[in-house]
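Here's the structure we're looking at; comments come further down.
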Amino acid sequence: MRRNIAAGNWKMNLTLKSANELAVSINNLEINDNVDVILGAPSVFLANIVELTKDNKRVNVAAQNCHQAEKGAFTGEISIPMLASIGVNQVIVGHSERREIFNESDQDIKEKVDALLLNNMTPIFCCGEPLMIREASGQNDYVKKQFENSIFHLGENEIQKLIIAYEPIWAIGTGKTASPEQAQDMHAFLRQLISDKYNHDIAENISILYGGSVKPANAKELFSQDDVDGGLVGGASLSLENFGPIIEAF
Ligand code: PGA
């Protein structure tokens with residue numbers, strides 16, 4: 001079901017004490033009923049954060065990555081059943097940093113999406129184009145390919161379980177946000193793609209988040225666009241001062 005979502009992606013930041021403190025302070029906010037907050041915490045802190053927020057219906061906890069295999073000889077990796085066993089039921093997949101720095105392919109991401117759905121978990125599926133593609137106005141085709149390669153094999157019942165995050169790579173961590181019009185144009189395009197592939201109702205029911213230098217100063221305008229249902233927020237999710245106003249920006 002389409003929801004307003006403020007998702008934080010803490011990436012590889014914070015330590016146990018600061019992560020717990022941040023989770024507690026967000027947990028103590030008065031969060032409006034029409035907003036879901038997601039905390040994308042580093043794996044070593046997930047169990048703590050789940051415990052700290054477990055009585056709060058407005059706050060969910062997500063892992064930033066998972067391995068697609070159920071178990072096995074994959075030193076250093078984290079499986080979906082491991083995440084499920086500590087109460088995590090959402091996972092960010094296909095973040096551009098995973099794609100670019102850790103060489104994740106569309107095929108890897110497809111396998112992760114499938115494995116998550118098989119385990120009744122919610123994939124937060126990230127997509128988005130690099131600067132060169134945007135400068136050549138190729139962003140729509142680029143993201144369409146990402147959909148075709150990693151999620152458009154899903155059936156009607158499955159695709160509805162995804163949360164989509166559009167994150168133009170040139171806007172991530174650069175302070176350079178997509179304009180509200182650029183975000184709206186891409187989100188409307190993606191919703192139309194889903195509508196053409198599946199149907200109108202399914203497209204209307206999927207939450208599509210924008211990510212890339214979301215901050216208190218631009219969140220309201222971005223989130224007020226018709227097809228922008230919230231944000232996946234990196235840097236500005238690391239403090240209550242910044243993330244609090246973003247949660248309240250709907
Ligand atoms: P940023 O990161 O908000 O720091 O640009 C967003 C993201 O990578 O999800």
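In the structure tokens, chains take letters A, B, ... by order of appearance, with residues numbered from 1 within each chain and ligands from 1 in the order shown.
Based on only C-alpha atoms and all ligand atoms, the protein and nucleic acid residues found within 8 Å of ligand 1 are, by chain and then by number, A:Gly8, A:Asn9, A:Lys11, A:His95, A:Ser96, A:Glu97, A:Glu167, A:Ala171, A:Ile172, A:Gly173, A:Thr174, A:Gly175, A:Thr177, A:Gly211, A:Gly212, A:Ser213, A:Val214, A:Lys215, A:Leu232, A:Val233, A:Gly234, A:Gly235, A:Ala236, A:Ser237.
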Write out as a PyMOL selection string which residues come within 9 Å of Asn65 of chain A when counting only C-alpha atoms, dropping same-chain ones fewer than 6 positions away.
chain A and resi 43+78+91-95+98+112
Selection above as a file: C-alpha atoms, as a PDB file, in the first residue's frame:
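Contents of part.pdb, as written:
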ATOM      1  CA  SER A  43      24.167  -4.862  10.380  1.00  0.00           C
ATOM      2  CA  ILE A  78      24.729 -11.829   6.005  1.00  0.00           C
ATOM      3  CA  VAL A  91      16.335  -4.650   3.227  1.00  0.00           C
ATOM      4  CA  ILE A  92      17.796  -1.981   0.955  1.00  0.00           C
ATOM      5  CA  VAL A  93      18.965  -3.654  -2.266  1.00  0.00           C
ATOM      6  CA  GLY A  94      20.855  -2.312  -5.229  1.00  0.00           C
ATOM      7  CA  HIS A  95      22.077   0.892  -3.656  1.00  0.00           C
ATOM      8  CA  ARG A  98      26.758  -1.492  -3.702  1.00  0.00           C
ATOM      9  CA  LYS A 112      18.336 -10.627  -3.789  1.00  0.00           C
TER      10      LYS A 112
END
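Comparing the minimum interatomic distances between Asp106 of chain A and each of A:Ile151, A:Ala136, A:Val44, A:Leu131, counting only C-alpha atoms, we find that A:Ile151 sits nearest.
Using only C-alpha atoms, the protein and nucleic acid residues lying no more than 10 Å from His187 of chain A, apart from those fewer than 3 places from it along its own chain, are Ile164, Ala165, Tyr166, Glu181, Gln182, Ala183, Gln184, Leu190, Arg191, Gln192, Leu193, Ser207, Ile208, Leu209, Tyr210, Gln225, Asp226, Asp227, Val228 and Asp229 of chain A.
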Could you pull out the strand (DSSP E) residues of segment 30-205 of chain A, going by DSSP on the backbone, and write them as a ChimeraX atom specification?
/A:35-40,59-63,90-93,122-127,163-166
Could you pull the residues within 10 Å of Asp108 of chain A, counting only C-alpha atoms, minus those fewer than 6 positions along the same chain, as a PyMOL selection string?
chain A and resi 67-68+93-94+99+114+149-150
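Between Glu104 of chain A and the residues A:Asn199, A:Arg134, A:Cys66, A:Ile206, the shortest atom-to-atom distance, using only C-alpha atoms, involves A:Cys66.
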Taking only segment 128-160 of chain A into account, list the residues labelled helix (DSSP H, G or I) by DSSP (computed from the backbone), as a list in words.
Leu131, Met132, Ile133, Arg134, Glu135, Gln139, Asn140, Asp141, Tyr142, Val143, Lys144, Lys145, Gln146, Phe147, Glu148, Asn149, Ser150, Glu156, Asn157, Glu158 and Ile159 of chain A
Take the residues from that selection and put them in a file with C-alpha atoms, as a PDB file, in the first residue's frame.
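Saved result, part.pdb, follows:
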ATOM      1  CA  LEU A 131      25.876  11.921 -14.199  1.00  0.00           C
ATOM      2  CA  MET A 132      27.108  11.054 -17.700  1.00  0.00           C
ATOM      3  CA  ILE A 133      23.789   9.419 -18.545  1.00  0.00           C
ATOM      4  CA  ARG A 134      21.807  12.363 -17.160  1.00  0.00           C
ATOM      5  CA  GLU A 135      23.904  14.809 -19.179  1.00  0.00           C
ATOM      6  CA  GLN A 139      18.102   8.644 -17.567  1.00  0.00           C
ATOM      7  CA  ASN A 140      14.682   7.195 -18.439  1.00  0.00           C
ATOM      8  CA  ASP A 141      16.086   4.410 -20.610  1.00  0.00           C
ATOM      9  CA  TYR A 142      18.796   3.695 -18.050  1.00  0.00           C
ATOM     10  CA  VAL A 143      16.425   3.236 -15.129  1.00  0.00           C
ATOM     11  CA  LYS A 144      13.937   1.341 -17.300  1.00  0.00           C
ATOM     12  CA  LYS A 145      16.695  -1.194 -18.011  1.00  0.00           C
ATOM     13  CA  GLN A 146      17.382  -1.528 -14.287  1.00  0.00           C
ATOM     14  CA  PHE A 147      13.682  -2.331 -13.773  1.00  0.00           C
ATOM     15  CA  GLU A 148      13.633  -4.799 -16.657  1.00  0.00           C
ATOM     16  CA  ASN A 149      16.770  -6.557 -15.458  1.00  0.00           C
ATOM     17  CA  SER A 150      15.959  -6.816 -11.759  1.00  0.00           C
ATOM     18  CA  GLU A 156       1.540  -8.823  -9.809  1.00  0.00           C
ATOM     19  CA  ASN A 157       1.391  -9.975  -6.200  1.00  0.00           C
ATOM     20  CA  GLU A 158       5.133  -9.648  -5.767  1.00  0.00           C
ATOM     21  CA  ILE A 159       5.860  -6.278  -7.352  1.00  0.00           C
TER      22      ILE A 159
END
Students should find that atom CA of Ile5 of chain A and atom CA of Gly230 of chain A are spaced 4.8 Å
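Between atom CA of Glu21 of chain A and atom CA of Met82 of chain A the separation is 24.2 Å.
We find atom CA of Asn48 of chain A and atom CA of Leu16 of chain A to be spaced 8.7 Å apart.
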